[in-house]
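J.: I'm passing along work_35.cif; it holds mmCIF, C-alpha atoms and all ligand atoms.
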```cif
data_protein
loop_
_atom_site.group_PDB
_atom_site.id
_atom_site.type_symbol
_atom_site.label_atom_id
_atom_site.label_comp_id
_atom_site.auth_asym_id
_atom_site.auth_seq_id
_atom_site.Cartn_x
_atom_site.Cartn_y
_atom_site.Cartn_z
ATOM 1 C CA MET T 1 0.000 0.000 0.000
ATOM 2 C CA VAL T 2 1.339 3.426 -0.961
ATOM 3 C CA ASP T 3 1.036 6.338 1.488
ATOM 4 C CA ILE T 4 -0.469 9.529 0.091
ATOM 5 C CA ASP T 5 0.755 12.444 2.183
ATOM 6 C CA ILE T 6 -1.999 14.999 2.775
ATOM 7 C CA LEU T 7 -0.311 17.725 4.854
ATOM 8 C CA GLY T 8 1.469 15.163 7.020
ATOM 9 C CA VAL T 9 -1.443 12.734 7.382
ATOM 10 C CA ASN T 10 -0.731 9.559 5.428
ATOM 11 C CA ILE T 11 -3.747 8.099 3.640
ATOM 12 C CA ASN T 12 -3.186 4.494 2.599
ATOM 13 C CA ALA T 13 -6.365 3.456 0.790
ATOM 14 C CA SER T 14 -6.932 5.072 -2.580
ATOM 15 C CA ASP T 15 -10.396 3.624 -3.197
ATOM 16 C CA ARG T 16 -13.206 1.664 -1.600
ATOM 17 C CA ALA T 17 -12.160 -1.708 -3.041
ATOM 18 C CA SER T 18 -8.686 -1.506 -1.503
ATOM 19 C CA ALA T 19 -10.138 -0.437 1.871
ATOM 20 C CA GLU T 20 -12.573 -3.378 1.843
ATOM 21 C CA LYS T 21 -9.775 -5.781 0.921
ATOM 22 C CA GLN T 22 -7.717 -4.575 3.905
ATOM 23 C CA THR T 23 -10.575 -4.881 6.390
ATOM 24 C CA ASP T 24 -11.514 -8.328 5.029
ATOM 25 C CA GLU T 25 -7.950 -9.514 5.629
ATOM 26 C CA ALA T 26 -7.908 -7.924 9.092
ATOM 27 C CA LEU T 27 -11.003 -9.916 10.069
ATOM 28 C CA CYS T 28 -9.004 -13.134 9.638
ATOM 29 C CA HIS T 29 -6.558 -12.399 12.503
ATOM 30 C CA ARG T 30 -6.791 -11.320 16.140
ATOM 31 C CA SER T 31 -4.362 -8.461 15.662
ATOM 32 C CA GLY T 32 -6.241 -5.376 16.902
ATOM 33 C CA TYR T 33 -6.146 -3.756 13.446
ATOM 34 C CA ALA T 34 -7.191 -0.077 13.648
ATOM 35 C CA VAL T 35 -9.114 1.852 10.992
ATOM 36 C CA PHE T 36 -9.195 5.675 11.242
ATOM 37 C CA THR T 37 -11.175 7.957 8.955
ATOM 38 C CA PRO T 38 -9.386 11.297 8.420
ATOM 39 C CA ASN T 39 -11.441 14.071 6.820
ATOM 40 C CA SER T 40 -10.618 17.727 6.050
ATOM 41 C CA CYS T 41 -11.662 18.991 9.501
ATOM 42 C CA MET T 42 -9.533 16.384 11.274
ATOM 43 C CA ILE T 43 -6.491 17.177 9.124
ATOM 44 C CA GLY T 44 -7.127 20.929 9.624
ATOM 45 C CA LYS T 45 -7.114 20.302 13.368
ATOM 46 C CA CYS T 46 -3.817 18.372 13.118
ATOM 47 C CA LEU T 47 -1.950 21.088 11.226
ATOM 48 C CA ARG T 48 -0.585 22.763 14.356
ATOM 49 C CA ASP T 49 -0.351 19.578 16.388
ATOM 50 C CA GLU T 50 2.265 16.981 15.408
ATOM 51 C CA LYS T 51 1.074 14.633 18.164
ATOM 52 C CA LEU T 52 -2.416 14.462 16.653
ATOM 53 C CA LYS T 53 -0.905 13.703 13.235
ATOM 54 C CA SER T 54 1.053 10.816 14.656
ATOM 55 C CA VAL T 55 -2.093 9.559 16.421
ATOM 56 C CA ILE T 56 -3.861 9.295 13.040
ATOM 57 C CA ASN T 57 -0.789 7.840 11.329
ATOM 58 C CA SER T 58 -0.605 5.068 13.946
ATOM 59 C CA ALA T 59 -3.631 3.253 12.524
ATOM 60 C CA GLU T 60 -3.012 0.366 10.152
ATOM 61 C CA LEU T 61 -5.652 1.708 7.727
ATOM 62 C CA ARG T 62 -6.340 5.438 7.117
ATOM 63 C CA ILE T 63 -9.145 6.000 4.657
ATOM 64 C CA PRO T 64 -9.968 9.275 2.858
ATOM 65 C CA ASP T 65 -13.297 10.000 4.570
ATOM 66 C CA GLY T 66 -14.218 13.277 2.946
ATOM 67 C CA ALA T 67 -14.526 14.820 -0.487
ATOM 68 C CA GLY T 68 -12.036 17.496 0.618
ATOM 69 C CA VAL T 69 -9.283 14.902 1.117
ATOM 70 C CA ALA T 70 -9.836 13.455 -2.369
ATOM 71 C CA VAL T 71 -9.872 16.955 -3.922
ATOM 72 C CA ALA T 72 -6.684 17.904 -2.012
ATOM 73 C CA SER T 73 -4.936 14.785 -3.335
ATOM 74 C CA ARG T 74 -5.910 15.785 -6.881
ATOM 75 C CA ILE T 75 -4.622 19.341 -6.368
ATOM 76 C CA LEU T 76 -1.333 18.128 -4.888
ATOM 77 C CA TYR T 77 -0.610 14.995 -6.917
ATOM 78 C CA GLY T 78 -2.907 14.896 -9.951
ATOM 79 C CA ASN T 79 -5.776 12.573 -10.754
ATOM 80 C CA GLY T 80 -4.656 9.039 -9.862
ATOM 81 C CA ALA T 81 -3.613 9.441 -6.196
ATOM 82 C CA ILE T 82 -6.974 9.008 -4.435
ATOM 83 C CA SER T 83 -9.606 7.984 -6.949
ATOM 84 C CA GLU T 84 -12.631 8.251 -4.622
ATOM 85 C CA ARG T 85 -13.551 9.111 -1.066
ATOM 86 C CA VAL T 86 -14.173 6.150 1.223
ATOM 87 C CA THR T 87 -16.579 7.016 4.020
ATOM 88 C CA GLY T 88 -16.213 5.391 7.416
ATOM 89 C CA ILE T 89 -19.964 4.911 7.748
ATOM 90 C CA GLU T 90 -20.190 2.946 4.475
ATOM 91 C CA LEU T 91 -17.072 0.872 5.135
ATOM 92 C CA ALA T 92 -18.453 0.103 8.620
ATOM 93 C CA GLU T 93 -21.691 -1.188 7.108
ATOM 94 C CA THR T 94 -19.703 -3.486 4.790
ATOM 95 C CA VAL T 95 -17.752 -4.733 7.820
ATOM 96 C CA LEU T 96 -21.048 -5.497 9.604
ATOM 97 C CA LYS T 97 -22.215 -7.557 6.601
ATOM 98 C CA ARG T 98 -18.942 -9.525 6.620
ATOM 99 C CA ALA T 99 -19.293 -10.013 10.381
ATOM 100 C CA ALA T 100 -22.749 -11.531 9.841
ATOM 101 C CA GLU T 101 -21.396 -13.883 7.140
ATOM 102 C CA LYS T 102 -18.437 -14.981 9.283
ATOM 103 C CA ASN T 103 -20.342 -15.187 12.615
ATOM 104 C CA LEU T 104 -18.162 -12.519 14.211
ATOM 105 C CA ARG T 105 -19.337 -10.548 17.256
ATOM 106 C CA VAL T 106 -19.544 -6.750 17.196
ATOM 107 C CA PHE T 107 -19.518 -4.245 20.097
ATOM 108 C CA PHE T 108 -20.800 -0.640 19.761
ATOM 109 C CA TYR T 109 -19.059 1.905 22.023
ATOM 110 C CA GLY T 110 -19.932 5.615 22.111
ATOM 111 C CA ALA T 111 -22.638 8.295 21.751
ATOM 112 C CA SER T 112 -25.419 8.881 24.279
ATOM 113 C CA PRO T 113 -27.071 5.860 25.988
ATOM 114 C CA TYR T 114 -30.251 5.917 23.906
ATOM 115 C CA VAL T 115 -28.286 6.395 20.638
ATOM 116 C CA ALA T 116 -25.848 3.488 21.225
ATOM 117 C CA LYS T 117 -28.758 1.125 22.015
ATOM 118 C CA ARG T 118 -30.935 2.324 19.148
ATOM 119 C CA ALA T 119 -28.043 2.112 16.621
ATOM 120 C CA ALA T 120 -27.386 -1.500 17.717
ATOM 121 C CA GLU T 121 -31.086 -2.383 17.329
ATOM 122 C CA GLN T 122 -31.397 -0.700 13.939
ATOM 123 C CA MET T 123 -28.345 -2.432 12.450
ATOM 124 C CA SER T 124 -29.379 -5.847 13.848
ATOM 125 C CA GLU T 125 -32.750 -5.381 12.140
ATOM 126 C CA ARG T 126 -31.170 -4.250 8.876
ATOM 127 C CA ILE T 127 -28.489 -6.966 8.592
ATOM 128 C CA GLY T 128 -29.783 -10.509 9.018
ATOM 129 C CA GLY T 129 -27.610 -12.805 11.175
ATOM 130 C CA LEU T 130 -25.619 -9.926 12.680
ATOM 131 C CA CYS T 131 -24.525 -10.504 16.296
ATOM 132 C CA ILE T 132 -24.119 -7.286 18.276
ATOM 133 C CA CYS T 133 -22.726 -8.707 21.508
ATOM 134 C CA GLY T 134 -22.962 -5.491 23.519
ATOM 135 C CA TYR T 135 -23.013 -1.714 23.557
ATOM 136 C CA ALA T 136 -21.943 1.077 25.897
ATOM 137 C CA ASP T 137 -22.526 4.803 25.740
ATOM 138 C CA GLY T 138 -19.562 7.162 25.489
ATOM 139 C CA TYR T 139 -20.058 9.033 28.754
ATOM 140 C CA GLY T 140 -19.453 6.344 31.408
ATOM 141 C CA SER T 141 -16.335 4.846 33.015
ATOM 142 C CA GLU T 142 -13.715 3.837 30.432
ATOM 143 C CA ALA T 143 -12.325 1.044 32.641
ATOM 144 C CA GLU T 144 -15.782 -0.511 32.917
ATOM 145 C CA VAL T 145 -16.195 -0.357 29.147
ATOM 146 C CA VAL T 146 -12.915 -2.219 28.566
ATOM 147 C CA LYS T 147 -14.096 -4.980 30.913
ATOM 148 C CA LYS T 148 -17.520 -5.080 29.273
ATOM 149 C CA ILE T 149 -15.953 -5.450 25.821
ATOM 150 C CA ALA T 150 -13.568 -8.189 27.014
ATOM 151 C CA ASP T 151 -16.452 -10.090 28.669
ATOM 152 C CA SER T 152 -18.624 -9.769 25.545
ATOM 153 C CA GLY T 153 -16.138 -11.766 23.424
ATOM 154 C CA ALA T 154 -16.215 -9.059 20.731
ATOM 155 C CA ASP T 155 -14.242 -9.618 17.520
ATOM 156 C CA ILE T 156 -14.959 -6.127 16.191
ATOM 157 C CA VAL T 157 -15.334 -2.855 18.143
ATOM 158 C CA PHE T 158 -16.830 0.325 16.672
ATOM 159 C CA VAL T 159 -15.864 3.433 18.672
ATOM 160 C CA CYS T 160 -17.824 6.705 18.310
ATOM 161 C CA LEU T 161 -16.428 9.279 20.755
ATOM 162 C CA GLY T 162 -15.450 12.042 18.291
ATOM 163 C CA PHE T 163 -11.930 12.931 17.132
ATOM 164 C CA PRO T 164 -9.343 12.564 18.715
ATOM 165 C CA LYS T 165 -10.860 10.881 21.781
ATOM 166 C CA GLN T 166 -11.918 7.741 19.894
ATOM 167 C CA GLU T 167 -8.527 7.294 18.153
ATOM 168 C CA MET T 168 -6.644 7.728 21.432
ATOM 169 C CA TRP T 169 -8.965 5.314 23.202
ATOM 170 C CA ILE T 170 -8.288 2.652 20.564
ATOM 171 C CA LEU T 171 -4.507 3.125 20.680
ATOM 172 C CA GLN T 172 -4.467 3.070 24.491
ATOM 173 C CA ASN T 173 -6.742 0.068 24.959
ATOM 174 C CA ARG T 174 -6.134 -2.342 22.102
ATOM 175 C CA ASP T 175 -3.350 -4.099 24.049
ATOM 176 C CA LYS T 176 -5.885 -4.883 26.775
ATOM 177 C CA LEU T 177 -8.318 -6.401 24.278
ATOM 178 C CA LEU T 178 -6.157 -8.968 22.524
ATOM 179 C CA ASN T 179 -9.065 -10.986 21.127
ATOM 180 C CA VAL T 180 -10.388 -8.087 19.078
ATOM 181 C CA ARG T 181 -9.596 -8.324 15.365
ATOM 182 C CA LEU T 182 -10.683 -4.888 14.199
ATOM 183 C CA PHE T 183 -11.315 -1.472 15.769
ATOM 184 C CA MET T 184 -12.929 1.365 13.799
ATOM 185 C CA ALA T 185 -13.125 5.035 14.876
ATOM 186 C CA LEU T 186 -16.432 6.274 13.478
ATOM 187 C CA GLY T 187 -17.327 9.754 14.814
ATOM 188 C CA GLY T 188 -21.047 10.419 14.481
ATOM 189 C CA THR T 189 -21.962 7.090 12.816
ATOM 190 C CA PHE T 190 -24.204 5.837 15.664
ATOM 191 C CA ASP T 191 -26.092 9.160 15.570
ATOM 192 C CA VAL T 192 -26.921 8.457 11.922
ATOM 193 C CA TRP T 193 -27.704 4.732 12.332
ATOM 194 C CA SER T 194 -29.977 5.456 15.304
ATOM 195 C CA GLY T 195 -31.937 8.002 13.249
ATOM 196 C CA LYS T 196 -30.961 10.907 15.546
ATOM 197 C CA VAL T 197 -29.089 12.655 12.711
ATOM 198 C CA ARG T 198 -29.885 12.508 9.016
ATOM 199 C CA ARG T 199 -27.068 12.041 6.492
ATOM 200 C CA ALA T 200 -26.841 14.421 3.541
ATOM 201 C CA GLY T 201 -28.761 13.287 0.455
ATOM 202 C CA LYS T 202 -27.053 11.368 -2.361
ATOM 203 C CA VAL T 203 -26.805 14.442 -4.611
ATOM 204 C CA MET T 204 -25.063 16.492 -1.905
ATOM 205 C CA CYS T 205 -22.702 13.589 -1.127
ATOM 206 C CA LYS T 206 -21.909 13.179 -4.834
ATOM 207 C CA MET T 207 -21.157 16.884 -5.143
ATOM 208 C CA GLY T 208 -18.778 16.622 -2.185
ATOM 209 C CA LEU T 209 -20.965 18.908 -0.051
ATOM 210 C CA GLU T 210 -21.621 16.646 2.941
ATOM 211 C CA TRP T 211 -19.536 19.024 5.097
ATOM 212 C CA LEU T 212 -21.973 21.858 4.239
ATOM 213 C CA TRP T 213 -24.908 19.663 5.248
ATOM 214 C CA ARG T 214 -23.269 18.785 8.566
ATOM 215 C CA ILE T 215 -22.616 22.434 9.330
ATOM 216 C CA THR T 216 -26.066 23.731 8.416
ATOM 217 C CA ALA T 217 -28.306 20.680 9.071
ATOM 218 C CA ASP T 218 -29.902 21.651 12.399
ATOM 219 C CA GLY T 219 -29.426 25.383 12.298
ATOM 220 C CA PHE T 220 -27.059 27.460 14.365
ATOM 221 C CA SER T 221 -29.009 27.737 17.566
ATOM 222 C CA SER T 222 -28.281 24.268 18.956
ATOM 223 C CA VAL T 223 -25.605 23.248 21.470
ATOM 224 C CA GLY T 224 -23.422 22.100 18.581
ATOM 225 C CA THR T 225 -22.883 25.655 17.293
ATOM 226 C CA ARG T 226 -19.435 26.087 18.888
ATOM 227 C CA LYS T 227 -18.260 22.779 17.402
ATOM 228 C CA LYS T 228 -19.614 23.797 13.989
ATOM 229 C CA TYR T 229 -17.795 27.115 14.192
ATOM 230 C CA LYS T 230 -14.566 25.280 15.026
ATOM 231 C CA ASP T 231 -15.154 22.793 12.190
ATOM 232 C CA VAL T 232 -15.493 25.703 9.722
ATOM 233 C CA ARG T 233 -12.215 27.144 11.047
ATOM 234 C CA TYR T 234 -10.456 23.795 10.570
ATOM 235 C CA LEU T 235 -11.896 23.471 7.053
ATOM 236 C CA VAL T 236 -10.591 26.936 6.123
ATOM 237 C CA ARG T 237 -7.203 26.127 7.670
ATOM 238 C CA PHE T 238 -7.088 22.862 5.674
ATOM 239 C CA SER T 239 -7.997 24.548 2.353
ATOM 240 C CA ASN T 240 -5.426 27.338 2.885
ATOM 241 C CA ALA T 241 -2.694 24.825 3.697
ATOM 242 C CA VAL T 242 -3.449 22.728 0.594
ATOM 243 C CA LEU T 243 -3.401 25.770 -1.687
ATOM 244 C CA SER T 244 -0.237 27.219 -0.168
ATOM 245 C CA LYS T 245 1.521 23.826 -0.488
ATOM 246 C CA LYS T 246 0.481 23.673 -4.143
ATOM 247 C CA LEU T 247 1.740 27.229 -4.682
ATOM 248 C CA LYS T 248 5.073 26.410 -3.013
ATOM 249 C CA ASN T 249 5.468 23.333 -5.237
ATOM 250 C CA MET T 250 4.718 25.435 -8.308
ATOM 251 C CA VAL T 251 7.181 28.161 -7.297
ATOM 252 C CA GLY T 252 9.754 25.404 -6.666
ATOM 253 C CA ASP T 253 9.108 23.939 -10.130
ATOM 254 C CA ILE T 254 9.318 27.348 -11.816
ATOM 255 C CA SER T 255 12.542 28.290 -10.028
ATOM 256 C CA HIS T 256 13.999 24.864 -10.906
ATOM 257 C CA PHE T 257 13.015 25.440 -14.551
ATOM 258 C CA VAL T 258 14.560 28.953 -14.544
ATOM 259 C CA GLN T 259 17.768 27.618 -12.951
ATOM 260 C CA MET T 260 18.025 24.865 -15.574
ATOM 261 C CA LYS T 261 17.496 27.408 -18.355
ATOM 262 C CA TYR T 262 20.214 29.606 -16.815
ATOM 263 C CA VAL T 263 22.691 26.711 -16.573
ATOM 264 C CA HIS T 264 21.823 25.751 -20.146
ATOM 265 C CA PHE T 265 22.418 29.361 -21.266
ATOM 266 C CA ILE T 266 25.835 29.544 -19.510
ATOM 267 C CA LEU T 267 26.949 26.167 -20.923
ATOM 268 C CA THR T 268 25.878 27.082 -24.446
ATOM 269 C CA ASN T 269 27.740 30.386 -24.228
ATOM 270 C CA MET T 270 30.839 28.717 -22.777
ATOM 271 C CA GLY T 271 30.769 26.362 -25.735
ATOM 272 C CA GLN T 272 30.970 29.358 -28.062
ATOM 273 C CA ILE T 273 33.986 30.921 -26.317
HETATM 274 N N1 LIG G 1 -19.244 11.410 22.151
HETATM 275 C C1 LIG G 1 -19.170 10.484 23.179
HETATM 276 N N2 LIG G 1 -18.424 10.771 24.286
HETATM 277 C C2 LIG G 1 -17.735 11.933 24.411
HETATM 278 C C3 LIG G 1 -17.788 12.878 23.341
HETATM 279 C C4 LIG G 1 -18.553 12.575 22.231
HETATM 280 O O1 LIG G 1 -19.766 9.424 23.099
HETATM 281 O O2 LIG G 1 -17.078 12.135 25.444
HETATM 282 C C5 LIG G 1 -20.029 11.086 20.964
HETATM 283 C C6 LIG G 1 -21.122 12.072 20.622
HETATM 284 O O3 LIG G 1 -22.280 11.796 21.390
HETATM 285 C C7 LIG G 1 -21.314 11.804 19.132
HETATM 286 C C8 LIG G 1 -19.919 11.409 18.674
HETATM 287 O O4 LIG G 1 -19.180 11.104 19.839
HETATM 288 O O5 LIG G 1 -22.192 10.723 18.967
HETATM 289 C C9 LIG G 1 -19.158 12.524 17.964
HETATM 290 O O6 LIG G 1 -19.611 12.674 16.692
HETATM 291 P P1 LIG G 1 -19.026 13.801 15.716
HETATM 292 O O7 LIG G 1 -19.669 13.637 14.405
HETATM 293 O O8 LIG G 1 -19.117 15.128 16.388
HETATM 294 O O9 LIG G 1 -17.499 13.347 15.622
HETATM 295 P P2 LIG G 1 -16.228 14.194 15.190
HETATM 296 O O10 LIG G 1 -16.679 15.175 14.131
HETATM 297 O O11 LIG G 1 -15.722 14.860 16.432
HETATM 298 O O12 LIG G 1 -15.307 13.122 14.706
#
```
Produce structure tokens that represent the structure in this file.
Ligand code: UDP

T.:
Amino acid sequence: MVDIDILGVNINASDRASAEKQTDEALCHRSGYAVFTPNSCMIGKCLRDEKLKSVINSAELRIPDGAGVAVASRILYGNGAISERVTGIELAETVLKRAAEKNLRVFFYGASPYVAKRAAEQMSERIGGLCICGYADGYGSEAEVVKKIADSGADIVFVCLGFPKQEMWILQNRDKLLNVRLFMALGGTFDVWSGKVRRAGKVMCKMGLEWLWRITADGFSSVGTRKKYKDVRYLVRFSNAVLSKKLKNMVGDISHFVQMKYVHFILTNMGQI
């Protein structure tokens, strides 16, 4: 797998098929394989924090969860680098289907108590044969959750605590949960599966405008307003950094070209002396 460097965050799945292949293989071993889902906001947040970057880069699989990441790869490296975005929520649903086929047990950790329970019920109804062996909300004791997961015999753990809490939790606890094959950090996925939050429509997703939906979906008067404001700031920071990196590369290329021309000019003239 080739790493695609997006402002210091290394994406290592260029399309959905390669991401699914990696998770399928991970389900065959008890190795605590971690899947993180960097999007533009997350990378924007990492720009002034090297520790956060290395947290994301510690996962075995880092998928481009966001149209902005795919667009940035095109701006920086041309068309082939990341051919499509791979959303965590869709990859997670594929993993649940595989779990049902292979009789693997899944644990849901995160979100508010009602949401975690409702998401587990909804997905069990939607995917025949799926075994959700337990769930825990994201606001209780972390030590108790680790014990609950170990006792449940989970093979797969989905963690929805928001970035970077969920990523750090996985990295800090996977050594205590040696029977788990796969961990996925999935942000607001349980909110969507439970029906608490609606995902953007297909057209908006296709146009790469899911971020706009998330920011405007339930107005600006709710408790989430401060987070939305911060998300917009991180998005702007991300876009500026991508464009300034592109500009720097271009200036570098132009100055290299001018230098080569200059050397060529000198050599040609020396030849005439
Ligand atoms: N959450 C949680 N515990 C916490 C903080 C957040 O369970 O201490 C949950 C929250 O209820 C929500 C999810 O984590 O369901 C965060 O979703 P969001 O889309 O905001 O994720 P982010 O954009 O931060 O990755």

J.: Residues picked by the PyMOL selection byres (((not hetatm)) within 10 of (chain G and resi 1)) here, as a count of residues only?

T.: 41

J.: If we count only C-alpha atoms, what is near Ala19 of chain T at a cut-off of 8 Å, once residues fewer than 5 positions away on the same chain are taken out, given as a PyMOL selection string?

T.: chain T and resi 13-14+61+63+86+91

J.: Identify, on the basis of only C-alpha atoms, every residue whose closest approach to Ile156 of chain T does not exceed 10 Å; exclude the query and any residue fewer than 3 positions from it along the same chain; express the result as a PyMOL selection string.

T.: chain T and resi 27+30+32-33+95-96+99+104-108+132-133+149+153+159+179-184

J.: Set the distance at 10 Å and use all atoms listed in the file: which residues neighbour Leu212 of chain T once local chain neighbours fewer than 5 positions away are removed? I'd like the list as a JSON list (two decimals) with C-alpha atoms, in the frame of the given file.

T.:
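Saved result, part.json, follows:
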```json
[["chain", "number", "residue", "atom", "x", "y", "z"],
["T", 200, "ALA", "CA", -26.84, 14.42, 3.54],
["T", 204, "MET", "CA", -25.06, 16.49, -1.90],
["T", 205, "CYS", "CA", -22.70, 13.59, -1.13],
["T", 217, "ALA", "CA", -28.31, 20.68, 9.07],
["T", 232, "VAL", "CA", -15.49, 25.70, 9.72]]
```

J.: Write out as a PyMOL selection string each polymer residue whose atoms come within 10 Å of Leu178 of chain T, counting all atoms listed in the file; drop sequence neighbours fewer than 4 positions from it.

T.: chain T and resi 30-32+150+155+173-174

J.: Need to verify the contact set: Asn12 of chain T, 6 Å, only C-alpha atoms, exclusion of same-chain residues closer than 4 positions in sequence. Can you return it as a ChimeraX atom specification?

T.: /T:2-3,62

J.: Which residues match the PyMOL selection byres (((chain T and resi 72) around 10) and not hetatm) in the file above, as a list in words?

T.: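 Output from the PyMOL selection byres (((chain T and resi 72) around 10) and not hetatm), applied to this file: Ile6, Leu7, Ser40, Ala67, Gly68, Val69, Ala70, Val71, Ser73, Arg74, Ile75, Leu76, Tyr77, Gly78, Ala81, Ile82, Phe238, Ser239, Ala241, Val242, Leu243 and Lys246 of chain T.
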
J.: Let's have the selection written as a compact mmCIF listing (two decimals), in the coordinates of the input, with C-alpha atoms.

T.:
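This is the output file part.txt:
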```
# COMPACT_ATOMS: atom_id res chain seq x y z
CA ILE T 6 -2.00 15.00 2.78
CA LEU T 7 -0.31 17.73 4.85
CA SER T 40 -10.62 17.73 6.05
CA ALA T 67 -14.53 14.82 -0.49
CA GLY T 68 -12.04 17.50 0.62
CA VAL T 69 -9.28 14.90 1.12
CA ALA T 70 -9.84 13.46 -2.37
CA VAL T 71 -9.87 16.95 -3.92
CA SER T 73 -4.94 14.78 -3.34
CA ARG T 74 -5.91 15.78 -6.88
CA ILE T 75 -4.62 19.34 -6.37
CA LEU T 76 -1.33 18.13 -4.89
CA TYR T 77 -0.61 15.00 -6.92
CA GLY T 78 -2.91 14.90 -9.95
CA ALA T 81 -3.61 9.44 -6.20
CA ILE T 82 -6.97 9.01 -4.43
CA PHE T 238 -7.09 22.86 5.67
CA SER T 239 -8.00 24.55 2.35
CA ALA T 241 -2.69 24.82 3.70
CA VAL T 242 -3.45 22.73 0.59
CA LEU T 243 -3.40 25.77 -1.69
CA LYS T 246 0.48 23.67 -4.14
```

J.: Could you please determine the separation between atom CA of Val55 of chain T and atom CA of Met168 of chain T in Å, to one decimal place?

T.: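 Spanning atom CA of Val55 of chain T to atom CA of Met168 of chain T is a straight-line distance of 7.0 Å.
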
J.: For the atom pair atom CA of Ser124 of chain T and atom CA of Ser18 of chain T, what is the interatomic distance in Å to one decimal place?

T.: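 It comes out at 26.1 Å.
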
J.: I'd like to know which of T:Ala26, T:Cys46, T:Val263, T:Ile56 is closest to Arg98 of chain T, using only C-alpha atoms.

T.: T:Ala26

J.: What is the distance, in Å and to one decimal place, between atom CA of Ala100 of chain T and atom CA of Leu130 of chain T?

T.: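 Going from atom CA of Ala100 of chain T over to atom CA of Leu130 of chain T covers 4.3 Å.
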
J.: So, counting only C-alpha atoms, which residue among T:Asp151, T:Asp15, T:Glu50, T:Asp5 is closest to Lys245 of chain T?

T.: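 For Lys245 of chain T, the nearest of the given residues is T:Asp5.
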
J.: Could you tell me, as a ChimeraX atom specification, which residues have any atom at most 9 Å from (-28.6, -1.9, 14.6), counting only C-alpha atoms?

T.: /T:116-127,130,132,190,193-194

J.: Using only C-alpha atoms, pick whichever of T:Trp213, T:Tyr234, T:Phe158, T:Tyr135 has the shortest atom-to-atom distance to Leu47 of chain T.

T.: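 Closest to Leu47 of chain T of all the choices is T:Tyr234.
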
J.: Starting from 8 Å padding per side, set up an axis-aligned box that covers all listed atoms of segment 39-47 of chain T and hand over centre and edge lengths in Å, one decimal, as JSON.

T.:
```
{"center_x": -6.8, "center_y": 17.6, "center_z": 9.7, "size_x": 25.7, "size_y": 23.0, "size_z": 23.3}
```
